[in-house]
file start-v5.cif (mmCIF, N, CA and C atoms, pLDDT in the B column; chains and numbers go by the auth columns)
data_run
#
loop_
_atom_site.group_PDB
_atom_site.id
_atom_site.type_symbol
_atom_site.label_atom_id
_atom_site.label_comp_id
_atom_site.label_asym_id
_atom_site.label_seq_id
_atom_site.Cartn_x
_atom_site.Cartn_y
_atom_site.Cartn_z
_atom_site.B_iso_or_equiv
_atom_site.auth_seq_id
_atom_site.auth_asym_id
ATOM 1 N N MET A 1 5.606 -15.461 5.451 52.00 1 H
ATOM 2 C CA MET A 1 5.095 -14.107 5.388 52.00 1 H
ATOM 3 C C MET A 1 4.115 -13.988 4.221 52.00 1 H
ATOM 4 N N ALA A 2 2.993 -13.362 4.448 63.00 2 H
ATOM 5 C CA ALA A 2 1.961 -13.214 3.420 63.00 2 H
ATOM 6 C C ALA A 2 2.372 -12.170 2.381 63.00 2 H
ATOM 7 N N VAL A 3 1.989 -12.434 1.138 69.00 3 H
ATOM 8 C CA VAL A 3 2.250 -11.486 0.056 69.00 3 H
ATOM 9 C C VAL A 3 1.250 -10.345 0.184 69.00 3 H
ATOM 10 N N THR A 4 1.733 -9.101 0.173 86.00 4 H
ATOM 11 C CA THR A 4 0.845 -7.945 0.278 86.00 4 H
ATOM 12 C C THR A 4 0.608 -7.288 -1.075 86.00 4 H
ATOM 13 N N GLU A 5 1.521 -7.540 -2.018 89.00 5 H
ATOM 14 C CA GLU A 5 1.320 -7.096 -3.391 89.00 5 H
ATOM 15 C C GLU A 5 2.241 -7.944 -4.263 89.00 5 H
ATOM 16 N N PRO A 6 1.724 -8.428 -5.391 92.00 6 H
ATOM 17 C CA PRO A 6 2.536 -9.308 -6.233 92.00 6 H
ATOM 18 C C PRO A 6 3.703 -8.560 -6.882 92.00 6 H
ATOM 19 N N ASP A 7 4.806 -9.261 -7.075 93.00 7 H
ATOM 20 C CA ASP A 7 5.985 -8.667 -7.707 93.00 7 H
ATOM 21 C C ASP A 7 5.704 -8.354 -9.174 93.00 7 H
ATOM 22 N N VAL A 8 6.150 -7.190 -9.606 93.00 8 H
ATOM 23 C CA VAL A 8 6.027 -6.805 -10.997 93.00 8 H
ATOM 24 C C VAL A 8 6.808 -7.814 -11.849 93.00 8 H
ATOM 25 N N LEU A 9 6.219 -8.199 -12.967 91.00 9 H
ATOM 26 C CA LEU A 9 6.739 -9.165 -13.941 91.00 9 H
ATOM 27 C C LEU A 9 6.716 -10.601 -13.443 91.00 9 H
ATOM 28 N N SER A 10 6.107 -10.864 -12.287 95.00 10 H
ATOM 29 C CA SER A 10 5.915 -12.248 -11.863 95.00 10 H
ATOM 30 C C SER A 10 4.716 -12.809 -12.624 95.00 10 H
ATOM 31 N N ASN A 11 4.642 -14.130 -12.694 97.00 11 H
ATOM 32 C CA ASN A 11 3.566 -14.810 -13.413 97.00 11 H
ATOM 33 C C ASN A 11 2.610 -15.473 -12.429 97.00 11 H
ATOM 34 N N TRP A 12 1.319 -15.396 -12.775 97.00 12 H
ATOM 35 C CA TRP A 12 0.283 -15.958 -11.917 97.00 12 H
ATOM 36 C C TRP A 12 -0.730 -16.699 -12.775 97.00 12 H
ATOM 37 N N ARG A 13 -1.288 -17.794 -12.249 97.00 13 H
ATOM 38 C CA ARG A 13 -2.298 -18.583 -12.947 97.00 13 H
ATOM 39 C C ARG A 13 -3.643 -18.405 -12.246 97.00 13 H
ATOM 40 N N HIS A 14 -4.670 -18.100 -13.053 97.00 14 H
ATOM 41 C CA HIS A 14 -6.029 -18.023 -12.517 97.00 14 H
ATOM 42 C C HIS A 14 -6.493 -19.454 -12.275 97.00 14 H
ATOM 43 N N LYS A 15 -6.863 -19.775 -11.051 96.00 15 H
ATOM 44 C CA LYS A 15 -7.189 -21.150 -10.677 96.00 15 H
ATOM 45 C C LYS A 15 -8.358 -21.724 -11.479 96.00 15 H
ATOM 46 N N LYS A 16 -9.401 -20.942 -11.666 95.00 16 H
ATOM 47 C CA LYS A 16 -10.610 -21.450 -12.322 95.00 16 H
ATOM 48 C C LYS A 16 -10.406 -21.647 -13.828 95.00 16 H
ATOM 49 N N ARG A 17 -9.789 -20.656 -14.496 94.00 17 H
ATOM 50 C CA ARG A 17 -9.627 -20.722 -15.954 94.00 17 H
ATOM 51 C C ARG A 17 -8.300 -21.338 -16.392 94.00 17 H
ATOM 52 N N GLY A 18 -7.294 -21.305 -15.532 96.00 18 H
ATOM 53 C CA GLY A 18 -5.986 -21.836 -15.890 96.00 18 H
ATOM 54 C C GLY A 18 -5.151 -20.873 -16.725 96.00 18 H
ATOM 55 N N THR A 19 -5.668 -19.680 -16.988 96.00 19 H
ATOM 56 C CA THR A 19 -4.963 -18.682 -17.791 96.00 19 H
ATOM 57 C C THR A 19 -3.783 -18.116 -17.004 96.00 19 H
ATOM 58 N N ILE A 20 -2.672 -17.901 -17.684 97.00 20 H
ATOM 59 C CA ILE A 20 -1.494 -17.336 -17.033 97.00 20 H
ATOM 60 C C ILE A 20 -1.390 -15.858 -17.389 97.00 20 H
ATOM 61 N N TYR A 21 -1.088 -15.064 -16.373 97.00 21 H
ATOM 62 C CA TYR A 21 -0.950 -13.612 -16.504 97.00 21 H
ATOM 63 C C TYR A 21 0.396 -13.196 -15.938 97.00 21 H
ATOM 64 N N TYR A 22 0.916 -12.082 -16.414 95.00 22 H
ATOM 65 C CA TYR A 22 2.081 -11.510 -15.759 95.00 22 H
ATOM 66 C C TYR A 22 1.716 -10.129 -15.229 95.00 22 H
ATOM 67 N N ILE A 23 2.314 -9.792 -14.113 97.00 23 H
ATOM 68 C CA ILE A 23 2.012 -8.537 -13.432 97.00 23 H
ATOM 69 C C ILE A 23 2.751 -7.402 -14.135 97.00 23 H
ATOM 70 N N VAL A 24 1.986 -6.420 -14.594 97.00 24 H
ATOM 71 C CA VAL A 24 2.533 -5.245 -15.253 97.00 24 H
ATOM 72 C C VAL A 24 2.924 -4.201 -14.205 97.00 24 H
ATOM 73 N N GLY A 25 2.108 -4.083 -13.170 97.00 25 H
ATOM 74 C CA GLY A 25 2.401 -3.105 -12.133 97.00 25 H
ATOM 75 C C GLY A 25 1.373 -3.140 -11.024 97.00 25 H
ATOM 76 N N ASN A 26 1.664 -2.382 -9.989 96.00 26 H
ATOM 77 C CA ASN A 26 0.740 -2.184 -8.881 96.00 26 H
ATOM 78 C C ASN A 26 0.371 -0.710 -8.888 96.00 26 H
ATOM 79 N N ALA A 27 -0.881 -0.405 -8.582 96.00 27 H
ATOM 80 C CA ALA A 27 -1.358 0.970 -8.706 96.00 27 H
ATOM 81 C C ALA A 27 -2.346 1.285 -7.592 96.00 27 H
ATOM 82 N N ARG A 28 -2.827 2.501 -7.599 95.00 28 H
ATOM 83 C CA ARG A 28 -3.902 2.960 -6.707 95.00 28 H
ATOM 84 C C ARG A 28 -5.037 3.461 -7.589 95.00 28 H
ATOM 85 N N SER A 29 -6.257 3.122 -7.230 93.00 29 H
ATOM 86 C CA SER A 29 -7.399 3.594 -8.006 93.00 29 H
ATOM 87 C C SER A 29 -7.693 5.052 -7.655 93.00 29 H
ATOM 88 N N GLN A 30 -8.308 5.729 -8.589 92.00 30 H
ATOM 89 C CA GLN A 30 -8.763 7.095 -8.357 92.00 30 H
ATOM 90 C C GLN A 30 -10.229 7.122 -8.746 92.00 30 H
ATOM 91 N N SER A 31 -11.081 7.472 -7.806 88.00 31 H
ATOM 92 C CA SER A 31 -12.515 7.411 -8.035 88.00 31 H
ATOM 93 C C SER A 31 -13.231 8.512 -7.271 88.00 31 H
ATOM 94 N N ILE A 32 -14.353 8.923 -7.810 91.00 32 H
ATOM 95 C CA ILE A 32 -15.213 9.884 -7.113 91.00 32 H
ATOM 96 C C ILE A 32 -15.915 9.203 -5.934 91.00 32 H
ATOM 97 N N ASN A 33 -16.045 7.876 -6.005 88.00 33 H
ATOM 98 C CA ASN A 33 -16.677 7.091 -4.953 88.00 33 H
ATOM 99 C C ASN A 33 -15.649 6.836 -3.843 88.00 33 H
ATOM 100 N N PRO A 34 -15.876 7.348 -2.631 86.00 34 H
ATOM 101 C CA PRO A 34 -14.890 7.195 -1.551 86.00 34 H
ATOM 102 C C PRO A 34 -14.568 5.736 -1.227 86.00 34 H
ATOM 103 N N HIS A 35 -15.509 4.831 -1.487 82.00 35 H
ATOM 104 C CA HIS A 35 -15.289 3.406 -1.219 82.00 35 H
ATOM 105 C C HIS A 35 -14.179 2.836 -2.112 82.00 35 H
ATOM 106 N N PHE A 36 -14.028 3.371 -3.316 83.00 36 H
ATOM 107 C CA PHE A 36 -13.052 2.855 -4.276 83.00 36 H
ATOM 108 C C PHE A 36 -11.829 3.744 -4.452 83.00 36 H
ATOM 109 N N ASP A 37 -11.845 4.946 -3.882 88.00 37 H
ATOM 110 C CA ASP A 37 -10.721 5.864 -4.043 88.00 37 H
ATOM 111 C C ASP A 37 -9.501 5.368 -3.270 88.00 37 H
ATOM 112 N N ASP A 38 -8.341 5.419 -3.899 90.00 38 H
ATOM 113 C CA ASP A 38 -7.067 5.042 -3.298 90.00 38 H
ATOM 114 C C ASP A 38 -6.979 3.549 -2.970 90.00 38 H
ATOM 115 N N LEU A 39 -7.744 2.737 -3.673 93.00 39 H
ATOM 116 C CA LEU A 39 -7.749 1.293 -3.476 93.00 39 H
ATOM 117 C C LEU A 39 -6.536 0.682 -4.178 93.00 39 H
ATOM 118 N N PRO A 40 -5.736 -0.128 -3.475 95.00 40 H
ATOM 119 C CA PRO A 40 -4.598 -0.781 -4.135 95.00 40 H
ATOM 120 C C PRO A 40 -5.094 -1.717 -5.237 95.00 40 H
ATOM 121 N N MET A 41 -4.442 -1.660 -6.391 96.00 41 H
ATOM 122 C CA MET A 41 -4.844 -2.447 -7.554 96.00 41 H
ATOM 123 C C MET A 41 -3.638 -3.191 -8.126 96.00 41 H
ATOM 124 N N VAL A 42 -3.932 -4.300 -8.807 97.00 42 H
ATOM 125 C CA VAL A 42 -2.922 -5.051 -9.561 97.00 42 H
ATOM 126 C C VAL A 42 -3.271 -4.891 -11.038 97.00 42 H
ATOM 127 N N ILE A 43 -2.279 -4.548 -11.836 98.00 43 H
ATOM 128 C CA ILE A 43 -2.446 -4.445 -13.283 98.00 43 H
ATOM 129 C C ILE A 43 -1.750 -5.671 -13.877 98.00 43 H
ATOM 130 N N TYR A 44 -2.479 -6.457 -14.665 98.00 44 H
ATOM 131 C CA TYR A 44 -1.899 -7.693 -15.195 98.00 44 H
ATOM 132 C C TYR A 44 -2.340 -7.941 -16.628 98.00 44 H
ATOM 133 N N ARG A 45 -1.507 -8.689 -17.370 98.00 45 H
ATOM 134 C CA ARG A 45 -1.735 -8.938 -18.792 98.00 45 H
ATOM 135 C C ARG A 45 -1.773 -10.435 -19.052 98.00 45 H
ATOM 136 N N SER A 46 -2.722 -10.853 -19.878 97.00 46 H
ATOM 137 C CA SER A 46 -2.823 -12.252 -20.275 97.00 46 H
ATOM 138 C C SER A 46 -1.672 -12.617 -21.205 97.00 46 H
ATOM 139 N N ILE A 47 -0.987 -13.691 -20.901 95.00 47 H
ATOM 140 C CA ILE A 47 0.065 -14.177 -21.786 95.00 47 H
ATOM 141 C C ILE A 47 -0.550 -14.720 -23.072 95.00 47 H
ATOM 142 N N GLU A 48 -1.762 -15.258 -22.965 95.00 48 H
ATOM 143 C CA GLU A 48 -2.443 -15.881 -24.113 95.00 48 H
ATOM 144 C C GLU A 48 -2.827 -14.880 -25.204 95.00 48 H
ATOM 145 N N ASP A 49 -3.498 -13.773 -24.815 97.00 49 H
ATOM 146 C CA ASP A 49 -4.017 -12.856 -25.841 97.00 49 H
ATOM 147 C C ASP A 49 -3.578 -11.404 -25.664 97.00 49 H
ATOM 148 N N GLY A 50 -2.777 -11.122 -24.627 97.00 50 H
ATOM 149 C CA GLY A 50 -2.269 -9.775 -24.416 97.00 50 H
ATOM 150 C C GLY A 50 -3.252 -8.800 -23.773 97.00 50 H
ATOM 151 N N GLN A 51 -4.464 -9.251 -23.459 97.00 51 H
ATOM 152 C CA GLN A 51 -5.474 -8.386 -22.847 97.00 51 H
ATOM 153 C C GLN A 51 -4.976 -7.884 -21.495 97.00 51 H
ATOM 154 N N LEU A 52 -5.185 -6.614 -21.250 98.00 52 H
ATOM 155 C CA LEU A 52 -4.760 -5.972 -20.004 98.00 52 H
ATOM 156 C C LEU A 52 -5.940 -5.897 -19.044 98.00 52 H
ATOM 157 N N TRP A 53 -5.695 -6.239 -17.777 97.00 53 H
ATOM 158 C CA TRP A 53 -6.737 -6.270 -16.747 97.00 53 H
ATOM 159 C C TRP A 53 -6.255 -5.558 -15.493 97.00 53 H
ATOM 160 N N CYS A 54 -7.202 -5.155 -14.644 96.00 54 H
ATOM 161 C CA CYS A 54 -6.866 -4.672 -13.306 96.00 54 H
ATOM 162 C C CYS A 54 -7.883 -5.235 -12.329 96.00 54 H
ATOM 163 N N ARG A 55 -7.436 -5.367 -11.104 95.00 55 H
ATOM 164 C CA ARG A 55 -8.283 -5.951 -10.054 95.00 55 H
ATOM 165 C C ARG A 55 -7.768 -5.436 -8.718 95.00 55 H
ATOM 166 N N PRO A 56 -8.646 -5.220 -7.747 95.00 56 H
ATOM 167 C CA PRO A 56 -8.159 -4.835 -6.421 95.00 56 H
ATOM 168 C C PRO A 56 -7.161 -5.878 -5.892 95.00 56 H
ATOM 169 N N THR A 57 -6.102 -5.411 -5.275 96.00 57 H
ATOM 170 C CA THR A 57 -5.046 -6.299 -4.795 96.00 57 H
ATOM 171 C C THR A 57 -5.588 -7.365 -3.843 96.00 57 H
ATOM 172 N N GLY A 58 -6.452 -6.967 -2.927 95.00 58 H
ATOM 173 C CA GLY A 58 -7.021 -7.934 -1.984 95.00 58 H
ATOM 174 C C GLY A 58 -7.782 -9.044 -2.682 95.00 58 H
ATOM 175 N N GLU A 59 -8.466 -8.708 -3.747 95.00 59 H
ATOM 176 C CA GLU A 59 -9.206 -9.704 -4.530 95.00 59 H
ATOM 177 C C GLU A 59 -8.230 -10.590 -5.314 95.00 59 H
ATOM 178 N N PHE A 60 -7.193 -9.984 -5.869 97.00 60 H
ATOM 179 C CA PHE A 60 -6.194 -10.758 -6.621 97.00 60 H
ATOM 180 C C PHE A 60 -5.528 -11.793 -5.721 97.00 60 H
ATOM 181 N N LEU A 61 -5.278 -11.415 -4.473 96.00 61 H
ATOM 182 C CA LEU A 61 -4.551 -12.290 -3.547 96.00 61 H
ATOM 183 C C LEU A 61 -5.448 -13.126 -2.645 96.00 61 H
ATOM 184 N N ASP A 62 -6.756 -13.177 -2.930 96.00 62 H
ATOM 185 C CA ASP A 62 -7.677 -13.906 -2.049 96.00 62 H
ATOM 186 C C ASP A 62 -7.767 -15.399 -2.348 96.00 62 H
ATOM 187 N N GLY A 63 -6.906 -15.904 -3.225 94.00 63 H
ATOM 188 C CA GLY A 63 -6.912 -17.329 -3.544 94.00 63 H
ATOM 189 C C GLY A 63 -7.372 -17.621 -4.960 94.00 63 H
ATOM 190 N N ARG A 64 -7.745 -16.612 -5.732 95.00 64 H
ATOM 191 C CA ARG A 64 -8.174 -16.823 -7.121 95.00 64 H
ATOM 192 C C ARG A 64 -6.997 -17.111 -8.037 95.00 64 H
ATOM 193 N N PHE A 65 -5.812 -16.651 -7.643 97.00 65 H
ATOM 194 C CA PHE A 65 -4.600 -16.788 -8.462 97.00 65 H
ATOM 195 C C PHE A 65 -3.502 -17.459 -7.636 97.00 65 H
ATOM 196 N N ASP A 66 -2.652 -18.218 -8.326 96.00 66 H
ATOM 197 C CA ASP A 66 -1.471 -18.827 -7.715 96.00 66 H
ATOM 198 C C ASP A 66 -0.237 -18.337 -8.451 96.00 66 H
ATOM 199 N N PRO A 67 0.856 -18.053 -7.736 96.00 67 H
ATOM 200 C CA PRO A 67 2.093 -17.687 -8.431 96.00 67 H
ATOM 201 C C PRO A 67 2.617 -18.877 -9.240 96.00 67 H
ATOM 202 N N VAL A 68 3.231 -18.587 -10.375 95.00 68 H
ATOM 203 C CA VAL A 68 3.799 -19.612 -11.239 95.00 68 H
ATOM 204 C C VAL A 68 5.311 -19.346 -11.344 95.00 68 H
ATOM 205 N N PRO A 69 6.108 -20.073 -10.581 86.00 69 H
ATOM 206 C CA PRO A 69 7.553 -19.845 -10.627 86.00 69 H
ATOM 207 C C PRO A 69 8.165 -20.425 -11.905 86.00 69 H
ATOM 208 N N GLY A 70 9.248 -19.810 -12.346 75.00 70 H
ATOM 209 C CA GLY A 70 10.036 -20.371 -13.428 75.00 70 H
ATOM 210 C C GLY A 70 9.556 -20.104 -14.836 75.00 70 H
ATOM 211 N N ILE A 71 8.556 -19.239 -15.034 63.00 71 H
ATOM 212 C CA ILE A 71 8.115 -18.880 -16.381 63.00 71 H
ATOM 213 C C ILE A 71 8.626 -17.482 -16.677 63.00 71 H
ATOM 214 N N GLY A 72 9.131 -17.271 -17.874 54.00 72 H
ATOM 215 C CA GLY A 72 9.521 -15.941 -18.282 54.00 72 H
ATOM 216 C C GLY A 72 10.941 -15.573 -18.052 54.00 72 H
#
call {"tool": "encode", "arguments": {"input": "start-v5.cif", "output": "structure tokens"}}
result
Amino acid sequence: MAVTEPDVLSNWRHKKRGTIYYIVGNARSQSINPHFDDLPMVIYRSIEDGQLWCRPTGEFLDGRFDPVPGIG
């Protein structure tokens, strides 16, 4: 079964950079632009430097990141 949204507090590795992030939460965007309004988002934090990021869920799950089991 395909993942539709990553589990909160799960760990993921960015394939290109190798950086590990943990999922802080899943959210919906709010925008004046109808194209971006109510877009599912992933909120994630870098384990390396603590920087907080967000990205559309579809983009997060398009193969840029891999789940990392057994960390945390």
call {"tool": "resolve_selection", "arguments": {"input": "start-v5.cif", "expression": "the PyMOL selection byres (((chain H and resi 64-66 and name CA) around 9) and name CA)", "output": "PyMOL selection string"}}
result
chain H and resi 11-16+59-63+67-68
call {"tool": "atom_distance", "arguments": {"input": "start-v5.cif", "atom1": "atom N of Ser46 in chain H", "atom2": "CA of Ser31 in chain H"}}
result
23.9 Å
call {"tool": "select_by_dssp", "arguments": {"input": "start-v5.cif", "residues": "chain H", "states": "helix (DSSP H, G or I)", "output": "PDB file with N, CA and C atoms, in the frame of the given file"}}
result
ATOM      1  N   THR H  57      -6.102  -5.411  -5.275  1.00 96.00           N
ATOM      2  CA  THR H  57      -5.046  -6.299  -4.795  1.00 96.00           C
ATOM      3  C   THR H  57      -5.588  -7.365  -3.843  1.00 96.00           C
ATOM      4  N   GLY H  58      -6.452  -6.967  -2.927  1.00 95.00           N
ATOM      5  CA  GLY H  58      -7.021  -7.934  -1.984  1.00 95.00           C
ATOM      6  C   GLY H  58      -7.782  -9.044  -2.682  1.00 95.00           C
ATOM      7  N   GLU H  59      -8.466  -8.708  -3.747  1.00 95.00           N
ATOM      8  CA  GLU H  59      -9.206  -9.704  -4.530  1.00 95.00           C
ATOM      9  C   GLU H  59      -8.230 -10.590  -5.314  1.00 95.00           C
ATOM     10  N   PHE H  60      -7.193  -9.984  -5.869  1.00 97.00           N
ATOM     11  CA  PHE H  60      -6.194 -10.758  -6.621  1.00 97.00           C
ATOM     12  C   PHE H  60      -5.528 -11.793  -5.721  1.00 97.00           C
ATOM     13  N   LEU H  61      -5.278 -11.415  -4.473  1.00 96.00           N
ATOM     14  CA  LEU H  61      -4.551 -12.290  -3.547  1.00 96.00           C
ATOM     15  C   LEU H  61      -5.448 -13.126  -2.645  1.00 96.00           C
ATOM     16  N   ASP H  62      -6.756 -13.177  -2.930  1.00 96.00           N
ATOM     17  CA  ASP H  62      -7.677 -13.906  -2.049  1.00 96.00           C
ATOM     18  C   ASP H  62      -7.767 -15.399  -2.348  1.00 96.00           C
ATOM     19  N   GLY H  63      -6.906 -15.904  -3.225  1.00 94.00           N
ATOM     20  CA  GLY H  63      -6.912 -17.329  -3.544  1.00 94.00           C
ATOM     21  C   GLY H  63      -7.372 -17.621  -4.960  1.00 94.00           C
ATOM     22  N   ARG H  64      -7.745 -16.612  -5.732  1.00 95.00           N
ATOM     23  CA  ARG H  64      -8.174 -16.823  -7.121  1.00 95.00           C
ATOM     24  C   ARG H  64      -6.997 -17.111  -8.037  1.00 95.00           C
TER      25      ARG H  64
END
call {"tool": "closest_residue", "arguments": {"input": "start-v5.cif", "among": "H:Ser10, H:Val24, H:Trp53, H:Gly58", "to": "Pro40 in chain H", "atoms": "all atoms listed in the file"}}
result
H:Gly58
call {"tool": "resolve_selection", "arguments": {"input": "start-v5.cif", "expression": "the PyMOL selection byres ((chain H and resi 48) around 7)", "output": "number ranges by chain"}}
result
H: 19-21, 45-47, 49-51
call {"tool": "atom_distance", "arguments": {"input": "start-v5.cif", "atom1": "CA of Val8 in chain H", "atom2": "CA of Leu39 in chain H"}}
result
17.7 Å
call {"tool": "axis_aligned_box", "arguments": {"input": "start-v5.cif", "around": "range 41-58 of chain H", "padding_each_side": "4 Å", "output": "lines of an AutoDock Vina configuration file"}}
result
center_x = -4.3
center_y = -8.8
center_z = -13.9
size_x = 16.7
size_y = 22.2
size_z = 31.9
call {"tool": "atom_distance", "arguments": {"input": "start-v5.cif", "atom1": "CA of Asp37 in chain H", "atom2": "atom C of Leu9 in chain H"}}
result
25.8 Å
